$ cat start01.txt   # compact mmCIF, C-alpha atoms
# COMPACT_ATOMS: atom_id res chain seq x y z
CA MET A 102 19.69 2.25 1.23
CA LYS A 103 19.05 -1.20 -0.22
CA THR A 104 15.41 -2.09 0.38
CA PHE A 105 15.38 -5.83 -0.33
CA THR A 106 17.75 -8.78 -0.52
CA GLU A 107 16.61 -11.94 -2.25
CA SER A 108 17.78 -15.02 -0.33
CA SER A 109 16.50 -18.06 -2.20
CA LYS A 110 14.04 -19.17 -4.87
CA ALA A 111 11.42 -21.90 -4.62
CA GLY A 112 9.59 -23.09 -7.70
CA LYS A 113 9.40 -20.70 -10.63
CA TYR A 114 8.74 -17.38 -8.87
CA ALA A 115 8.36 -17.88 -5.11
CA ARG A 116 11.23 -16.53 -3.06
CA THR A 117 12.48 -15.84 0.42
CA GLY A 118 14.25 -12.63 1.28
CA VAL A 119 14.97 -9.84 3.71
CA LEU A 120 13.06 -6.55 3.72
CA HIS A 121 15.27 -3.74 5.00
CA THR A 122 13.60 -0.90 6.94
CA ARG A 123 14.95 1.92 9.08
CA VAL A 124 13.90 0.11 12.27
CA GLY A 125 15.08 -3.36 11.36
CA ASP A 126 14.95 -6.23 8.89
CA VAL A 127 11.95 -8.47 8.20
CA LEU A 128 12.10 -11.98 6.77
CA THR A 129 9.83 -12.53 3.79
CA PRO A 130 7.34 -13.74 2.70
CA THR A 131 5.55 -11.93 5.52
CA PHE A 132 1.90 -11.48 6.43
CA MET A 133 1.08 -8.10 8.00
CA PRO A 134 -2.01 -7.90 10.23
CA ASP A 135 -4.01 -4.68 10.00
CA GLY A 136 -3.88 -2.50 13.09
CA THR A 137 -6.36 -0.10 11.51
CA ARG A 138 -6.21 2.51 14.27
CA GLY A 139 -2.65 1.73 15.31
CA ALA A 140 -3.19 -1.51 17.24
CA VAL A 141 -4.10 -5.09 16.33
CA LYS A 142 -7.46 -5.65 18.01
CA GLY A 143 -7.61 -8.18 20.81
CA LEU A 144 -3.84 -8.43 21.30
CA THR A 145 -1.31 -6.51 23.36
CA PRO A 146 1.82 -5.23 21.56
CA ASP A 147 3.87 -7.98 23.25
CA GLN A 148 1.41 -10.63 22.07
CA VAL A 149 1.68 -9.33 18.51
CA ILE A 150 5.46 -9.66 18.70
CA GLY A 151 5.04 -13.15 20.17
CA THR A 152 3.18 -14.34 17.07
CA GLY A 153 6.26 -13.64 14.96
CA VAL A 154 4.62 -10.78 13.04
CA GLY A 155 7.29 -8.65 11.36
CA VAL A 156 5.20 -5.68 10.22
CA VAL A 157 1.91 -4.13 11.40
CA LEU A 158 -0.18 -2.07 8.99
CA ALA A 159 -2.14 1.02 10.07
CA ASN A 160 -4.83 2.97 8.20
CA THR A 161 -4.00 6.51 7.08
CA TYR A 162 -7.60 7.58 6.49
CA HIS A 163 -8.99 6.46 9.84
CA LEU A 164 -6.03 7.71 11.89
CA SER A 165 -6.17 11.10 10.15
CA LEU A 166 -9.79 11.43 11.33
CA ASN A 167 -9.32 10.15 14.85
CA PRO A 168 -7.21 11.03 16.77
CA GLY A 169 -5.53 12.93 13.91
CA ALA A 170 -2.04 12.81 12.44
CA ASP A 171 -1.04 15.95 14.36
CA VAL A 172 -2.00 14.33 17.66
CA ILE A 173 -0.08 11.14 16.89
CA LYS A 174 2.94 13.17 15.76
CA SER A 175 2.88 15.17 19.01
CA LEU A 176 2.89 11.89 20.95
CA GLY A 177 6.02 10.67 19.18
CA GLY A 178 4.49 8.96 16.16
CA LEU A 179 2.82 5.59 15.69
CA HIS A 180 5.62 3.70 17.41
CA GLU A 181 5.00 5.49 20.69
CA PHE A 182 1.24 5.68 20.14
CA ALA A 183 0.95 1.92 19.54
CA SER A 184 3.87 0.88 21.77
CA ARG A 185 5.54 -0.89 18.86
CA LYS A 186 9.27 -1.04 18.17
CA GLY A 187 9.12 -3.04 14.94
CA PRO A 188 8.28 -1.82 11.42
CA ILE A 189 4.94 -0.15 10.70
CA LEU A 190 3.43 0.32 7.25
CA THR A 191 0.61 2.77 6.47
CA ASP A 192 -1.68 2.59 3.48
CA SER A 193 -2.43 5.76 1.54
CA GLY A 194 -6.17 6.21 2.00
CA GLY A 195 -6.65 4.96 -1.55
CA PHE A 196 -8.67 1.94 -0.44
CA GLN A 197 -11.27 4.26 1.11
CA VAL A 198 -11.82 5.79 -2.34
CA PHE A 199 -13.34 2.40 -3.16
CA SER A 200 -14.74 1.24 0.19
CA LEU A 201 -16.59 4.49 0.97
CA GLY A 202 -18.08 4.51 -2.52
CA LYS A 203 -20.86 7.08 -2.63
CA HIS A 204 -19.25 9.00 0.24
CA ALA A 205 -16.16 9.82 -1.89
CA LYS A 206 -16.02 12.37 -4.72
CA ILE A 207 -12.96 12.08 -6.94
CA SER A 208 -11.33 14.90 -8.89
CA GLU A 209 -7.87 15.39 -10.35
CA GLU A 210 -6.98 17.43 -7.27
CA GLY A 211 -7.78 14.61 -4.85
CA VAL A 212 -10.73 13.01 -3.06
CA HIS A 213 -13.41 14.69 -0.95
CA PHE A 214 -14.83 12.32 1.67
CA VAL A 215 -18.01 12.63 3.72
CA ASP A 216 -17.77 10.71 6.99
CA PRO A 217 -20.75 8.30 6.93
CA VAL A 218 -20.85 8.37 10.73
CA ASN A 219 -21.23 12.11 11.41
CA GLY A 220 -21.26 13.83 8.00
CA ASP A 221 -17.93 15.60 8.52
CA LYS A 222 -16.10 16.47 5.32
CA HIS A 223 -12.45 15.53 4.70
CA PHE A 224 -10.09 15.92 1.78
CA ILE A 225 -7.04 13.88 0.81
CA SER A 226 -4.75 14.71 -2.11
CA PRO A 227 -1.60 12.84 -3.15
CA GLU A 228 0.47 15.45 -1.34
CA LEU A 229 -1.65 15.32 1.82
CA SER A 230 -1.53 11.54 1.88
CA ILE A 231 2.28 11.64 1.90
CA GLN A 232 2.30 14.38 4.53
CA ILE A 233 -0.08 12.47 6.80
CA GLN A 234 1.87 9.22 6.52
CA LEU A 235 5.15 10.97 7.31
CA ASP A 236 3.53 12.73 10.29
CA LEU A 237 2.31 9.34 11.52
CA GLY A 238 5.92 8.18 11.51
CA ALA A 239 5.44 5.01 9.46
CA ASP A 240 8.52 3.12 8.24
CA MET A 241 6.85 2.20 4.95
CA ILE A 242 4.27 4.32 3.17
CA VAL A 243 2.15 3.94 0.03
CA ALA A 244 1.49 6.39 -2.81
CA PHE A 245 -2.11 7.64 -3.11
CA ASP A 246 -3.90 5.78 -5.89
CA HIS A 247 -7.33 5.63 -7.52
CA LEU A 248 -8.93 2.26 -6.80
CA VAL A 249 -12.12 1.16 -8.55
CA GLY A 250 -14.15 -1.97 -7.93
CA LEU A 251 -14.60 -4.62 -10.59
CA ASP A 252 -18.38 -5.05 -10.43
CA ASN A 253 -20.33 -2.91 -12.93
CA THR A 254 -17.14 -1.02 -13.81
CA THR A 255 -16.56 -0.05 -17.45
CA GLN A 256 -13.24 -0.28 -19.24
CA ASN A 257 -13.25 3.52 -19.51
CA GLN A 258 -13.51 3.78 -15.72
CA VAL A 259 -10.65 1.32 -15.26
CA ARG A 260 -8.52 3.29 -17.73
CA ASP A 261 -9.37 6.58 -16.05
CA ALA A 262 -8.29 5.22 -12.65
CA PHE A 263 -5.16 3.72 -14.23
CA ASP A 264 -4.11 7.07 -15.72
CA ARG A 265 -4.93 9.06 -12.59
CA THR A 266 -3.00 6.64 -10.38
CA HIS A 267 0.16 7.33 -12.39
CA ARG A 268 -0.37 11.08 -12.47
CA TRP A 269 -0.84 11.00 -8.72
CA LEU A 270 2.31 8.88 -8.37
CA ILE A 271 4.38 11.73 -9.82
CA ARG A 272 2.88 14.11 -7.26
CA CYS A 273 3.47 11.63 -4.44
CA THR A 274 7.12 11.01 -5.29
CA SER A 275 7.72 14.74 -5.69
CA GLU A 276 6.20 15.50 -2.27
CA PHE A 277 8.03 12.58 -0.68
CA ASP A 278 11.37 13.77 -2.07
CA ARG A 279 10.67 17.33 -0.91
CA LEU A 280 9.89 16.26 2.64
CA THR A 281 12.67 13.68 3.02
CA ASN A 282 15.53 15.33 1.11
CA GLU A 283 17.39 16.23 4.31
CA MET A 284 17.10 12.73 5.78
CA LYS A 285 19.95 10.26 5.56
CA PRO A 286 19.07 7.23 3.39
CA SER A 287 19.01 5.08 6.54
CA GLU A 288 16.43 7.42 8.11
CA ARG A 289 13.94 7.55 5.23
CA PRO A 290 10.78 5.48 5.21
CA LEU A 291 10.25 3.29 2.16
CA LEU A 292 7.78 4.48 -0.48
CA PHE A 293 5.66 1.98 -2.44
CA GLY A 294 4.03 2.78 -5.79
CA VAL A 295 0.74 1.05 -6.64
CA VAL A 296 0.06 -1.05 -9.74
CA GLN A 297 -3.49 -0.70 -11.06
CA GLY A 298 -5.37 -1.73 -14.21
CA GLY A 299 -8.28 -3.90 -13.10
CA LEU A 300 -8.37 -7.28 -14.85
CA ASP A 301 -6.78 -5.92 -18.02
CA ILE A 302 -3.45 -7.76 -18.32
CA ALA A 303 -1.99 -5.23 -20.77
CA LEU A 304 -2.82 -2.33 -18.43
CA ARG A 305 -1.40 -4.23 -15.46
CA LYS A 306 1.89 -4.85 -17.24
CA GLU A 307 2.10 -1.23 -18.35
CA SER A 308 1.34 0.00 -14.84
CA LEU A 309 4.10 -2.20 -13.42
CA ARG A 310 6.51 -0.85 -16.02
CA ILE A 311 5.65 2.74 -15.05
CA ILE A 312 5.96 2.03 -11.32
CA GLN A 313 9.31 0.26 -11.72
CA ALA A 314 10.63 3.09 -13.87
CA SER A 315 9.95 5.53 -11.02
CA SER A 316 12.04 6.15 -7.91
CA VAL A 317 9.83 4.16 -5.51
CA ASP A 318 11.42 1.71 -3.09
CA GLY A 319 8.79 -1.01 -3.41
CA ILE A 320 6.02 -2.31 -5.66
CA ALA A 321 2.45 -2.57 -4.37
CA ILE A 322 -0.21 -4.50 -6.30
CA GLY A 323 -3.57 -2.84 -5.72
CA GLY A 324 -7.08 -3.30 -7.06
CA LEU A 325 -7.40 -7.01 -6.33
CA SER A 326 -9.54 -8.79 -3.75
CA VAL A 327 -12.31 -6.30 -4.59
CA GLY A 328 -14.86 -8.64 -6.13
CA GLU A 329 -12.99 -10.71 -8.70
CA THR A 330 -12.85 -14.49 -8.60
CA ARG A 331 -9.80 -16.31 -7.26
CA LYS A 332 -9.07 -17.51 -10.80
CA GLU A 333 -9.09 -13.91 -12.09
CA MET A 334 -6.74 -12.76 -9.34
CA LYS A 335 -4.41 -15.68 -10.05
CA THR A 336 -4.35 -14.79 -13.76
CA ILE A 337 -3.18 -11.23 -13.00
CA LEU A 338 -0.54 -12.36 -10.50
CA GLU A 339 0.79 -14.96 -12.94
CA ALA A 340 1.06 -12.34 -15.68
CA LEU A 341 3.09 -9.98 -13.48
CA ALA A 342 5.31 -12.62 -11.82
CA PRO A 343 8.09 -12.71 -14.46
CA LEU A 344 8.29 -8.91 -14.74
CA TYR A 345 9.25 -7.82 -11.22
CA ASP A 346 12.50 -6.11 -10.33
CA LYS A 347 14.17 -8.60 -7.96
CA ASP A 348 15.77 -5.85 -5.85
CA ARG A 349 12.51 -4.29 -4.66
CA PRO A 350 9.88 -5.79 -2.32
CA ARG A 351 6.46 -6.70 -3.74
CA PHE A 352 3.37 -6.04 -1.65
CA LEU A 353 -0.11 -7.41 -2.50
CA LEU A 354 -2.69 -5.23 -0.77
CA GLY A 355 -5.69 -6.61 1.07
CA VAL A 356 -5.23 -10.36 0.53
CA GLY A 357 -5.41 -12.74 3.45
CA THR A 358 -7.12 -16.12 3.00
CA PRO A 359 -4.73 -19.09 3.25
CA GLU A 360 -5.50 -20.11 -0.34
CA ASP A 361 -4.82 -16.61 -1.67
CA LEU A 362 -1.62 -16.27 0.37
CA ARG A 363 -0.29 -19.42 -1.30
CA ILE A 364 -1.20 -18.20 -4.79
CA ALA A 365 0.45 -14.84 -4.10
CA VAL A 366 3.68 -16.27 -2.69
CA ASP A 367 3.91 -18.80 -5.53
CA ASN A 368 3.84 -15.80 -7.89
CA GLY A 369 6.65 -13.85 -6.24
CA ILE A 370 4.80 -11.72 -3.67
CA ASP A 371 6.80 -10.85 -0.53
CA MET A 372 4.29 -8.94 1.63
CA LEU A 373 0.54 -9.29 2.22
CA ASP A 374 -1.98 -7.66 4.55
CA CYS A 375 -5.61 -8.21 5.49
CA VAL A 376 -8.15 -7.58 8.26
CA LEU A 377 -9.38 -11.19 8.10
CA PRO A 378 -7.44 -12.50 11.14
$ encode --input "start01.txt" --output "structure tokens"
Amino acid sequence: MKTFTESSKAGKYARTGVLHTRVGDVLTPTFMPDGTRGAVKGLTPDQVIGTGVGVVLANTYHLSLNPGADVIKSLGGLHEFASRKGPILTDSGGFQVFSLGKHAKISEEGVHFVDPVNGDKHFISPELSIQIQLDLGADMIVAFDHLVGLDNTTQNQVRDAFDRTHRWLIRCTSEFDRLTNEMKPSERPLLFGVVQGGLDIALRKESLRIIQASSVDGIAIGGLSVGETRKEMKTILEALAPLYDKDRPRFLLGVGTPEDLRIAVDNGIDMLDCVLP
């Protein structure tokens, strides 16, 4: 199934287009509000639709803890759980590797989390992340990646996360293919691979090359809006802008101020999400 159709160009890299999902098309550029636990806080599902929102994002880590992916699956998936007919995208849990900091222990196998609220222990691997997202019933899912912050982070740590992200991508795509191989192309959710590399332009370009050489349906840009300046973020986005495959959607994770939305769209980004609204 074709995942994206470019409609028109504006300026050097900005574009409009149509994102194709199994539950309908979405006009891009599009901003996706975060419904962390399945719903956008303060709004009914009908009110969300009334704003013109095309996609709602939900959080894999938090939903896997409460009420649990098995519970949501038994209720008919996120669409029934959140009373939403339009497209839903889930993140991978990779952001929590960064945001939970000292409560997350990373190994090649995956990440062991300690719930800071009650001390419960949880584990997410690349394979489990894919399994959880498919059980949730999302229409677009994201490969599990290793995200590091940019404050007090060494180049060796950035490189380590870069390498692990791509090793995990292989495991994610393998598990995704295994679990969706009997689905018709029109029934499959879209899988996004994540570009990492910190503020190292060479690593960023290499990561994008690796992601675009894989079988993923879309390109996600991770590891930004985690402490860098706006100028630094803009530098990375400008470096990647001429290198994107035009036939796949581009998703910048976690960016939501009006100024940053404009910078992203000017540099060819199609999809953005943030909790800021």
$ residues_around --input "start01.txt" --residues "A:Leu354" --least-positions-apart "6" --cutoff "7 Å" --atoms "all atoms listed in the file" --output "VMD selection string"
chain A and resid 321 to 323 373 to 374
$ closest_residue --input "start01.txt" --among "A:Ala205, A:Met133, A:Leu338, A:Leu377" --to "A:Ala365" --atoms "only C-alpha atoms"
A:Leu338
$ atom_distance --input "start01.txt" --atom1 "atom CA of A:Gly118" --atom2 "atom CA of A:Arg185"
22.9 Å
$ closest_residue --input "start01.txt" --among "A:Arg349, A:Arg331, A:Arg310, A:Arg138" --to "A:Tyr162" --atoms "all atoms listed in the file"
A:Arg138
$ closest_residue --input "start01.txt" --among "A:Ser208, A:Thr281, A:Asn253, A:Thr274" --to "A:Glu329" --atoms "all atoms listed in the file"
A:Asn253
$ closest_atom_pairs --input "start01.txt" --of "stretch 284-311 of chain A" --to "stretch 262-269 of chain A" --cutoff "10 Å" --atoms "all atoms listed in the file" --output "Markdown table"
| residue | atom | partner | partner_atom | distance |
| --- | --- | --- | --- | --- |
| A:Gly294 | CA | A:His267 | CA | 8.9 |
| A:Val295 | CA | A:Thr266 | CA | 7.7 |
| A:Val296 | CA | A:Thr266 | CA | 8.3 |
| A:Gln297 | CA | A:Phe263 | CA | 5.7 |
| A:Gly298 | CA | A:Phe263 | CA | 5.5 |
| A:Gly299 | CA | A:Phe263 | CA | 8.3 |
| A:Leu304 | CA | A:Phe263 | CA | 7.7 |
| A:Arg305 | CA | A:Phe263 | CA | 8.9 |
| A:Glu307 | CA | A:Phe263 | CA | 9.7 |
| A:Ser308 | CA | A:Phe263 | CA | 7.5 |
| A:Ile311 | CA | A:His267 | CA | 7.6 |
$ closest_residue --input "start01.txt" --among "A:Asp192, A:Asp221, A:Asp252, A:Glu283" --to "A:Ala239" --atoms "only C-alpha atoms"
A:Asp192
$ residues_around --input "start01.txt" --residues "A:Ile337" --least-positions-apart "4" --cutoff "10 Å" --atoms "all atoms listed in the file" --output "PDB file with C-alpha atoms, keeping the file's coordinate frame"
ATOM      1  CA  GLY A 298      -5.370  -1.730 -14.210  1.00  0.00           C
ATOM      2  CA  GLY A 299      -8.280  -3.900 -13.100  1.00  0.00           C
ATOM      3  CA  LEU A 300      -8.370  -7.280 -14.850  1.00  0.00           C
ATOM      4  CA  ASP A 301      -6.780  -5.920 -18.020  1.00  0.00           C
ATOM      5  CA  ILE A 302      -3.450  -7.760 -18.320  1.00  0.00           C
ATOM      6  CA  ALA A 303      -1.990  -5.230 -20.770  1.00  0.00           C
ATOM      7  CA  ARG A 305      -1.400  -4.230 -15.460  1.00  0.00           C
ATOM      8  CA  LYS A 306       1.890  -4.850 -17.240  1.00  0.00           C
ATOM      9  CA  ILE A 322      -0.210  -4.500  -6.300  1.00  0.00           C
ATOM     10  CA  LEU A 325      -7.400  -7.010  -6.330  1.00  0.00           C
ATOM     11  CA  LYS A 332      -9.070 -17.510 -10.800  1.00  0.00           C
ATOM     12  CA  GLU A 333      -9.090 -13.910 -12.090  1.00  0.00           C
ATOM     13  CA  LEU A 341       3.090  -9.980 -13.480  1.00  0.00           C
ATOM     14  CA  ALA A 342       5.310 -12.620 -11.820  1.00  0.00           C
ATOM     15  CA  ASN A 368       3.840 -15.800  -7.890  1.00  0.00           C
TER      16      ASN A 368
END
$ residues_near_point --input "start01.txt" --point "(-10.3, 10.2, 11.8)" --cutoff "12 Å" --atoms "all atoms listed in the file" --output "ChimeraX atom specification"
/A:137-139,160-173,194,214-219,221-224,233
$ residues_near_point --input "start01.txt" --point "(-9.3, -4.9, -3.9)" --cutoff "10 Å" --atoms "all atoms listed in the file" --output "PyMOL selection string"
chain A and resi 196+199-200+248-251+299+322-329+334+353-356
$ residues_around --input "start01.txt" --residues "A:Thr117" --least-positions-apart "2" --cutoff "10 Å" --atoms "all atoms listed in the file" --output "mmCIF file with C-alpha atoms, keeping the file's coordinate frame"
data_model
loop_
_atom_site.group_PDB
_atom_site.id
_atom_site.type_symbol
_atom_site.label_atom_id
_atom_site.label_comp_id
_atom_site.auth_asym_id
_atom_site.auth_seq_id
_atom_site.Cartn_x
_atom_site.Cartn_y
_atom_site.Cartn_z
ATOM 1 C CA THR A 106 17.750 -8.780 -0.520
ATOM 2 C CA GLU A 107 16.610 -11.940 -2.250
ATOM 3 C CA SER A 108 17.780 -15.020 -0.330
ATOM 4 C CA SER A 109 16.500 -18.060 -2.200
ATOM 5 C CA LYS A 110 14.040 -19.170 -4.870
ATOM 6 C CA ALA A 111 11.420 -21.900 -4.620
ATOM 7 C CA ALA A 115 8.360 -17.880 -5.110
ATOM 8 C CA VAL A 119 14.970 -9.840 3.710
ATOM 9 C CA LEU A 120 13.060 -6.550 3.720
ATOM 10 C CA LEU A 128 12.100 -11.980 6.770
ATOM 11 C CA THR A 129 9.830 -12.530 3.790
ATOM 12 C CA PRO A 130 7.340 -13.740 2.700
ATOM 13 C CA THR A 131 5.550 -11.930 5.520
ATOM 14 C CA VAL A 366 3.680 -16.270 -2.690
ATOM 15 C CA GLY A 369 6.650 -13.850 -6.240
ATOM 16 C CA ILE A 370 4.800 -11.720 -3.670
ATOM 17 C CA ASP A 371 6.800 -10.850 -0.530
#
$ closest_residue --input "start01.txt" --among "A:Ala314, A:Ile225, A:Leu235, A:Leu362" --to "A:Arg279" --atoms "only C-alpha atoms"
A:Leu235
$ residues_around --input "start01.txt" --residues "A:Glu276" --least-positions-apart "6" --cutoff "9 Å" --atoms "all atoms listed in the file" --output "MDAnalysis selection string"
chainID A and resid 227:229 231:232
$ atom_distance --input "start01.txt" --atom1 "atom CA of A:Thr145" --atom2 "atom CA of A:Leu237"
20.1 Å
